[in-house]
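Source file: query_27.cif. Holds: mmCIF, C-alpha atoms.
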data_run
#
loop_
_atom_site.label_atom_id
_atom_site.label_comp_id
_atom_site.auth_asym_id
_atom_site.auth_seq_id
_atom_site.Cartn_x
_atom_site.Cartn_y
_atom_site.Cartn_z
CA MET A 1 155.57 -6.95 7.05
CA MET A 2 157.31 -4.78 9.60
CA THR A 3 153.93 -3.68 10.91
CA THR A 4 152.85 -7.28 11.47
CA GLN A 5 156.09 -8.12 13.31
CA LYS A 6 155.68 -5.11 15.53
CA HIS A 7 152.14 -6.16 16.30
CA TYR A 8 153.24 -9.68 17.31
CA PHE A 9 156.12 -8.27 19.33
CA ARG A 10 153.78 -6.00 21.27
CA LEU A 11 151.36 -8.89 21.80
CA GLY A 12 154.16 -11.09 23.11
CA VAL A 13 155.37 -8.38 25.45
CA PHE A 14 151.83 -7.91 26.75
CA VAL A 15 151.44 -11.66 27.35
CA LEU A 16 154.79 -11.87 29.12
CA ALA A 17 153.93 -8.84 31.25
CA ALA A 18 150.53 -10.34 32.16
CA LEU A 19 152.14 -13.64 33.10
CA SER A 20 154.76 -11.84 35.16
CA ILE A 21 152.10 -9.86 37.01
CA CYS A 22 150.07 -13.04 37.69
CA LEU A 23 153.21 -14.79 38.95
CA ILE A 24 154.07 -11.85 41.19
CA LEU A 25 150.53 -11.72 42.58
CA ALA A 26 150.53 -15.48 43.19
CA ILE A 27 153.83 -15.24 45.00
CA ALA A 28 152.63 -12.21 46.99
CA PHE A 29 149.38 -13.81 48.10
CA GLY A 30 150.80 -17.29 48.60
CA ALA A 31 154.04 -16.34 50.26
CA GLY A 32 152.39 -16.03 53.64
CA ARG A 33 150.81 -19.44 53.27
CA TRP A 34 154.05 -21.09 52.15
CA THR A 35 156.04 -19.56 54.97
CA ARG A 36 153.34 -20.00 57.64
CA THR A 37 154.18 -22.33 60.53
CA THR A 38 151.65 -25.11 61.07
CA ILE A 39 151.24 -28.01 63.46
CA THR A 40 150.05 -31.44 62.39
CA LEU A 41 147.21 -32.93 64.41
CA GLU A 42 145.67 -36.32 63.73
CA SER A 43 142.49 -38.07 64.79
CA TYR A 44 140.70 -41.34 64.04
CA PHE A 45 137.05 -41.84 63.10
CA ASN A 46 135.08 -45.07 63.33
CA GLU A 47 132.42 -43.85 60.90
CA SER A 48 132.02 -42.48 57.41
CA VAL A 49 133.70 -39.12 56.76
CA GLN A 50 131.58 -38.34 53.72
CA GLY A 51 131.68 -34.60 53.00
CA VAL A 52 135.24 -34.01 54.26
CA ASP A 53 137.99 -33.48 51.70
CA ILE A 54 141.53 -32.22 51.74
CA GLY A 55 141.30 -28.50 52.37
CA SER A 56 138.14 -28.72 54.47
CA LYS A 57 138.10 -26.27 57.34
CA VAL A 58 138.94 -27.14 60.93
CA LYS A 59 137.20 -24.97 63.53
CA TYR A 60 137.65 -24.58 67.26
CA ARG A 61 134.33 -23.47 68.75
CA GLY A 62 133.34 -21.91 65.44
CA VAL A 63 136.68 -20.19 64.69
CA VAL A 64 138.71 -21.46 61.71
CA VAL A 65 142.09 -22.65 63.03
CA GLY A 66 143.31 -24.88 60.20
CA GLU A 67 142.41 -27.27 57.40
CA VAL A 68 142.45 -30.96 56.53
CA SER A 69 145.75 -32.05 54.96
CA HIS A 70 145.43 -35.84 54.66
CA ILE A 71 142.68 -38.50 54.68
CA GLY A 72 143.47 -42.20 54.82
CA PHE A 73 143.24 -45.27 57.02
CA THR A 74 145.12 -46.14 60.19
CA TYR A 75 146.05 -49.63 58.99
CA SER A 76 148.13 -48.09 56.15
CA ARG A 77 150.41 -46.42 58.74
CA TYR A 78 150.05 -48.34 62.01
CA GLN A 79 149.81 -52.03 62.95
CA GLN A 80 151.95 -53.05 59.99
CA ASP A 81 153.13 -56.10 61.90
CA LEU A 82 149.60 -57.50 62.16
CA PRO A 83 147.59 -59.33 59.51
CA PRO A 84 145.16 -57.05 57.62
CA SER A 85 142.18 -58.79 59.21
CA GLU A 86 143.38 -57.89 62.72
CA ARG A 87 144.08 -54.22 62.08
CA GLN A 88 141.73 -51.43 63.14
CA GLN A 89 139.58 -50.05 60.33
CA TYR A 90 139.64 -46.44 61.51
CA VAL A 91 139.71 -43.46 59.15
CA LEU A 92 142.85 -41.34 59.68
CA ILE A 93 142.51 -37.57 59.20
CA GLU A 94 145.47 -35.23 59.54
CA THR A 95 145.02 -31.48 59.92
CA LYS A 96 147.31 -28.49 59.74
CA LEU A 97 146.64 -26.04 62.58
CA ARG A 98 147.92 -22.50 63.04
CA PRO A 99 149.56 -22.24 66.47
CA GLU A 100 149.23 -18.44 66.67
CA LEU A 101 145.46 -18.84 66.93
CA PHE A 102 145.86 -20.81 70.17
CA GLY A 103 148.55 -18.95 72.09
CA GLY A 104 149.89 -16.06 70.03
CA LYS A 105 152.92 -15.78 67.75
CA ASN A 106 155.49 -15.91 70.55
CA MET A 107 153.89 -18.79 72.46
CA PRO A 108 154.43 -22.43 71.51
CA PHE A 109 151.57 -24.67 70.55
CA PRO A 110 150.31 -26.91 73.41
CA ASP A 111 152.10 -30.25 73.60
CA GLN A 112 150.51 -33.68 74.01
CA SER A 113 150.69 -33.59 77.82
CA TYR A 114 148.57 -30.43 77.82
CA LEU A 115 146.18 -31.95 75.28
CA ASP A 116 145.83 -35.07 77.45
CA LYS A 117 144.58 -32.89 80.33
CA GLU A 118 142.03 -31.25 78.04
CA ILE A 119 141.06 -34.65 76.61
CA ALA A 120 140.29 -35.79 80.14
CA LYS A 121 137.92 -32.80 80.36
CA GLY A 122 136.09 -33.84 77.17
CA LEU A 123 138.05 -32.25 74.27
CA ARG A 124 137.03 -34.01 71.04
CA ILE A 125 137.00 -33.59 67.24
CA ARG A 126 133.61 -34.10 65.59
CA LEU A 127 132.41 -34.17 62.01
CA ASN A 128 129.75 -31.49 61.45
CA PRO A 129 127.65 -30.97 58.30
CA GLN A 130 127.80 -27.56 56.64
CA GLY A 131 124.30 -26.61 55.53
CA LEU A 132 122.49 -28.59 52.84
CA THR A 133 125.39 -28.73 50.38
CA GLY A 134 126.64 -32.11 51.60
CA THR A 135 130.02 -30.77 52.66
CA SER A 136 131.31 -31.06 56.22
CA TYR A 137 134.02 -29.62 58.41
CA LEU A 138 135.82 -30.68 61.58
CA GLU A 139 134.80 -29.05 64.87
CA ILE A 140 137.10 -29.10 67.94
CA ASP A 141 135.07 -28.67 71.12
CA TYR A 142 134.30 -30.20 74.52
CA GLN A 143 131.82 -33.08 74.59
CA ASP A 144 130.26 -35.44 77.12
CA LEU A 145 132.85 -38.02 78.21
CA GLU A 146 130.34 -40.80 78.92
CA ARG A 147 128.70 -40.53 75.50
CA ASN A 148 131.96 -39.99 73.60
CA PRO A 149 134.69 -42.33 74.88
CA SER A 150 138.07 -42.51 73.14
CA LEU A 151 138.59 -45.17 70.50
CA ALA A 152 140.75 -48.15 71.45
CA MET A 153 144.19 -48.19 69.82
CA GLN A 154 147.44 -50.13 70.33
CA TRP A 155 149.90 -47.68 68.83
CA GLN A 156 151.54 -44.35 69.57
CA PRO A 157 150.39 -41.51 67.28
CA GLN A 158 153.12 -39.89 65.21
CA HIS A 159 151.69 -36.40 65.68
CA LEU A 160 149.57 -34.59 68.24
CA TYR A 161 146.35 -36.50 68.85
CA ILE A 162 142.79 -35.59 69.91
CA PRO A 163 140.11 -38.33 70.03
CA SER A 164 137.06 -38.07 67.84
CA ALA A 165 133.40 -37.88 68.79
CA ARG A 166 130.51 -39.31 66.85
CA SER A 167 128.97 -36.84 64.45
CA THR A 168 125.43 -35.56 64.82
CA VAL A 169 124.41 -37.26 61.58
CA ALA A 170 125.83 -40.60 62.76
CA GLN A 171 124.00 -40.30 66.06
CA LEU A 172 120.76 -39.48 64.25
CA VAL A 173 121.20 -42.36 61.82
CA ASN A 174 122.05 -44.75 64.68
CA ALA A 175 118.99 -43.68 66.67
CA THR A 176 116.82 -44.10 63.57
CA GLN A 177 118.23 -47.57 62.94
CA ASN A 178 117.64 -48.61 66.56
CA LEU A 179 114.08 -47.33 66.34
CA ALA A 180 113.51 -49.23 63.10
CA ILE A 181 114.90 -52.42 64.67
CA ARG A 182 112.59 -52.05 67.66
CA LEU A 183 109.62 -51.43 65.37
CA GLN A 184 110.49 -54.56 63.41
CA LYS A 185 110.52 -56.59 66.62
CA LEU A 186 107.06 -55.36 67.58
CA ASP A 187 104.14 -57.68 66.83
CA ILE A 188 102.05 -55.08 65.04
CA GLU A 189 99.51 -57.61 63.78
CA GLY A 190 99.07 -59.05 67.27
CA LEU A 191 98.62 -55.57 68.72
CA ILE A 192 95.96 -54.79 66.12
CA ASN A 193 94.16 -58.04 66.87
CA ASN A 194 94.26 -57.37 70.62
CA LEU A 195 92.97 -53.85 70.01
CA ASN A 196 90.12 -55.21 67.90
CA GLN A 197 89.23 -57.67 70.64
CA VAL A 198 89.27 -54.94 73.26
CA LEU A 199 87.03 -52.73 71.13
CA SER A 200 84.67 -55.62 70.45
CA THR A 201 84.47 -56.50 74.15
CA ALA A 202 83.92 -52.89 75.08
CA ASN A 203 81.16 -52.58 72.49
CA SER A 204 79.36 -55.67 73.80
CA LYS A 205 79.72 -54.47 77.41
CA MET A 206 78.34 -51.07 76.45
CA ASN A 207 75.33 -52.74 74.86
CA ASP A 208 74.66 -54.66 78.10
CA ILE A 209 74.65 -51.51 80.23
CA PRO A 210 71.06 -50.33 81.05
CA LEU A 211 71.59 -46.78 79.96
CA GLN A 212 67.89 -45.86 80.28
CA ALA A 213 67.72 -47.08 83.89
CA LEU A 214 70.92 -45.24 84.69
CA ALA A 215 69.48 -42.08 83.16
CA GLN A 216 66.33 -42.39 85.30
CA LYS A 217 68.43 -42.90 88.43
CA MET A 218 70.49 -39.87 87.55
CA LEU A 219 67.31 -37.84 87.20
CA LEU A 220 66.11 -39.04 90.62
CA ILE A 221 69.45 -38.16 92.17
CA THR A 222 69.28 -34.73 90.55
CA ASP A 223 65.79 -34.16 91.98
CA LYS A 224 66.97 -35.15 95.46
CA LEU A 225 69.92 -32.84 95.18
CA GLU A 226 67.63 -29.99 94.23
CA LYS A 227 65.52 -30.62 97.33
CA ILE A 228 68.47 -30.37 99.69
CA PRO A 229 68.28 -27.03 101.62
CA PHE A 230 71.74 -25.83 100.77
CA SER A 231 70.96 -22.35 102.15
CA GLU A 232 70.12 -23.76 105.59
CA LEU A 233 73.22 -25.95 105.50
CA SER A 234 75.26 -22.90 104.60
CA THR A 235 73.79 -20.96 107.52
CA GLU A 236 74.48 -23.81 109.94
CA ALA A 237 78.00 -24.15 108.58
CA SER A 238 78.54 -20.42 109.08
CA GLY A 239 77.29 -20.72 112.66
CA LEU A 240 79.55 -23.67 113.27
CA MET A 241 82.51 -21.74 111.93
CA HIS A 242 81.60 -18.80 114.19
CA GLU A 243 81.45 -21.11 117.22
CA ALA A 244 84.79 -22.66 116.26
CA ARG A 245 86.29 -19.18 115.91
CA SER A 246 84.91 -18.20 119.35
CA SER A 247 86.28 -21.39 120.89
CA ASN A 248 89.65 -20.70 119.31
CA GLN A 249 89.69 -17.17 120.73
CA ALA A 250 88.74 -18.47 124.20
CA LEU A 251 91.47 -21.08 123.99
CA GLN A 252 94.03 -18.47 122.96
CA LYS A 253 92.90 -16.26 125.84
CA LEU A 254 93.26 -19.19 128.23
CA LEU A 255 96.70 -20.03 126.95
CA THR A 256 97.84 -16.40 127.29
CA ASP A 257 96.75 -16.31 130.96
CA PRO A 258 99.75 -15.52 133.23
CA ALA A 259 98.73 -18.39 135.50
CA TRP A 260 99.42 -20.83 132.66
CA ALA A 261 102.75 -19.15 132.12
CA SER A 262 103.80 -19.89 135.71
CA ALA A 263 102.34 -23.43 135.66
CA PRO A 264 105.45 -25.09 134.19
CA SER A 265 107.70 -23.44 136.77
CA ASP A 266 105.33 -24.47 139.62
CA LEU A 267 105.19 -28.00 138.29
CA ALA A 268 108.97 -28.10 138.02
CA ALA A 269 109.28 -26.84 141.65
CA SER A 270 106.79 -29.46 142.85
CA ALA A 271 108.65 -32.19 141.02
CA LYS A 272 111.91 -30.96 142.52
CA GLN A 273 110.44 -31.04 146.04
CA ALA A 274 109.00 -34.52 145.47
CA ARG A 275 112.35 -35.72 144.22
CA ALA A 276 114.09 -34.21 147.24
CA LEU A 277 111.55 -35.90 149.53
CA LEU A 278 112.06 -39.26 147.86
CA GLU A 279 115.84 -38.90 148.02
CA ASN A 280 115.72 -38.00 151.76
CA PRO A 281 117.53 -40.79 153.69
CA HIS A 282 115.17 -40.41 156.70
CA LEU A 283 112.22 -41.45 154.51
CA VAL A 284 113.58 -44.99 154.24
CA GLY A 285 113.94 -45.26 158.03
CA SER A 286 110.44 -43.93 158.61
CA LEU A 287 108.99 -46.44 156.18
CA GLN A 288 110.90 -49.27 157.85
CA LYS A 289 109.61 -48.19 161.29
CA MET A 290 106.04 -47.95 159.95
CA GLU A 291 106.35 -51.42 158.48
CA SER A 292 107.63 -52.75 161.84
CA SER A 293 104.74 -51.11 163.72
CA LEU A 294 102.19 -52.54 161.29
CA SER A 295 103.65 -56.01 161.69
CA ARG A 296 103.47 -55.72 165.50
CA LEU A 297 99.88 -54.51 165.35
CA ASP A 298 99.05 -57.41 163.07
CA LYS A 299 100.55 -59.90 165.56
CA LEU A 300 98.69 -58.23 168.45
CA LEU A 301 95.40 -58.52 166.62
CA GLU A 302 96.04 -62.18 165.90
CA GLN A 303 96.74 -62.88 169.60
CA HIS A 304 93.61 -61.13 170.93
CA GLU A 305 91.25 -61.92 168.10
CA GLY A 306 88.69 -63.67 170.46
CA GLY A 307 88.80 -60.90 173.12
CA LEU A 308 88.27 -58.28 170.49
CA ASP A 309 85.17 -60.07 169.28
CA ASN A 310 83.73 -60.10 172.84
CA THR A 311 84.66 -56.49 173.37
CA LEU A 312 82.94 -55.51 170.18
CA SER A 313 79.82 -57.49 171.19
CA ASN A 314 79.73 -55.77 174.60
CA MET A 315 80.16 -52.40 172.99
CA GLN A 316 77.28 -53.21 170.68
CA GLN A 317 75.09 -54.23 173.65
CA ILE A 318 76.04 -51.06 175.54
CA SER A 319 75.15 -49.04 172.50
CA GLU A 320 71.74 -50.77 172.38
CA ASP A 321 71.11 -50.05 176.10
CA LEU A 322 72.09 -46.41 175.62
CA ARG A 323 69.64 -46.17 172.76
CA VAL A 324 66.81 -47.57 174.96
CA ILE A 325 67.70 -45.15 177.80
CA SER A 326 67.76 -42.18 175.41
CA GLU A 327 64.33 -43.11 174.06
CA ALA A 328 62.90 -43.48 177.61
CA ALA A 329 64.38 -40.12 178.61
CA ARG A 330 62.82 -38.53 175.62
CA ALA A 331 59.41 -40.02 176.55
CA ASN A 332 59.61 -39.34 180.36
CA PRO A 333 62.38 -36.91 181.29
CA THR A 334 61.44 -36.87 185.01
CA GLY A 335 61.68 -40.61 185.22
CA LEU A 336 65.47 -40.31 185.19
CA LEU A 337 65.26 -38.32 188.51
CA LEU A 338 62.13 -39.68 190.29
CA GLY A 339 62.36 -43.27 189.24
CA LYS A 340 58.87 -44.53 188.47
CA PRO A 341 56.48 -42.48 186.40
CA PRO A 342 53.80 -40.52 188.36
CA ALA A 343 50.47 -42.14 189.02
CA PRO A 344 47.74 -41.25 186.65
CA TYR A 345 45.41 -38.48 187.77
CA VAL A 346 41.94 -39.65 188.66
CA LEU A 347 39.16 -37.20 187.97
CA PRO A 348 36.74 -36.59 190.93
CA ASN A 349 33.22 -37.88 190.77
CA LYS A 350 30.43 -35.36 190.45
#
Take the structure in the file and write it out as structure tokens.
Amino acid sequence: MMTTQKHYFRLGVFVLAALSICLILAIAFGAGRWTRTTITLESYFNESVQGVDIGSKVKYRGVVVGEVSHIGFTYSRYQQDLPPSERQQYVLIETKLRPELFGGKNMPFPDQSYLDKEIAKGLRIRLNPQGLTGTSYLEIDYQDLERNPSLAMQWQPQHLYIPSARSTVAQLVNATQNLAIRLQKLDIEGLINNLNQVLSTANSKMNDIPLQALAQKMLLITDKLEKIPFSELSTEASGLMHEARSSNQALQKLLTDPAWASAPSDLAASAKQARALLENPHLVGSLQKMESSLSRLDKLLEQHEGGLDNTLSNMQQISEDLRVISEAARANPTGLLLGKPPAPYVLPNK
């Protein structure tokens, strides 16, 4: 009997010692968690948060910075003065974040004013799937502002707030739904009928094409192409290229001539002299005097127009007489000195 009591006593002591050790270990490992300082951060999601539970991890660019502490709806905390039908149906998720992971143990966690600046740069919370297990976690990172605008709300958050971004799964599902809606709107049967008509028309048109005649023409064209003296054409083309190269060299030689180099300066000097001549004030007076002289000469010619005609007629007659005299002098030079021509010589009679 005493042996049995001792056995139970030892067993009880062992159980109490084991429970004490477990309690001490639980306190030792959990003391840091119970005494750890955390910051509450909330966000709102306008989509399903399937896969997120209390205790799910919260990561900032892949680094674990906290965990989910509460999941509910915004209408159970905010907009209590509005009817249930007019309240926003957002999902409210609260997280506990460790401030030492953001700024160190001696630095305070960023306040809402600092977060607002980062929110303006694109800071968002997004639901990300974790592998193929169906679980998800929250990812804090910078997103595109145009594609991820902040949700509309008419209340002031009780804790620090970062807007949410649509999850990758939601975007994929939305794109798939939009594609399915567009496919439903397409007239597939009409497209198939139009395609059948096009194929039928193309088949009938192909039957009407004289393929044999086209083949014969292609053969004739091929024969003509084979008869073309491509070698001679190549030789002539080479000669033409040689002539063009020679002409180019001659042109370059002409352009590099020093005389061409001085031509612009000579032309500029000539233009300068011409401009100086035209700007000379004496030129205007000379032109005016020449115009006056021409007008006087014109009046003089008008006054003696009849006398000039007679004078020109006399000069023409004198010219005619001089021509006759020159011809007579050429025929009988002595006649100009002796007067009449000599008498003809008469031969004596035998």
Residue nearest Thr40 in chain A among A:Arg10, A:Arg98, A:Lys224, A:His242 (counting all atoms listed in the file):
A:Arg98
Any idea what the distance is between CA of His70 in chain A and CA of Ser164 in chain A?
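Calculated distance between CA of His70 in chain A and CA of Ser164 in chain A is 15.8 Å.
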Report, in Å to a single decimal, how far apart CA of Thr222 in chain A and CA of Met206 in chain A are.
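Computed distance, CA of Met206 in chain A to CA of Thr222 in chain A, equals 23.4 Å.
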Any idea what the distance is between CA of Ile93 in chain A and CA of Gly72 in chain A?
6.4 Å
Excluding Gly62 in chain A and residues on its chain fewer than 4 positions from it, collect all residues at most 10 Å away from it, counting only C-alpha atoms, and give them as a list in words.
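Surrounding residues, per the criterion: Val58, Leu138, Glu139, Ile140 and Asp141 of chain A.
Across A:Gln79, A:Asn46, A:Gln112, A:Asn207, the tightest approach to Leu92 in chain A is made by A:Asn46 when counting all atoms listed in the file.
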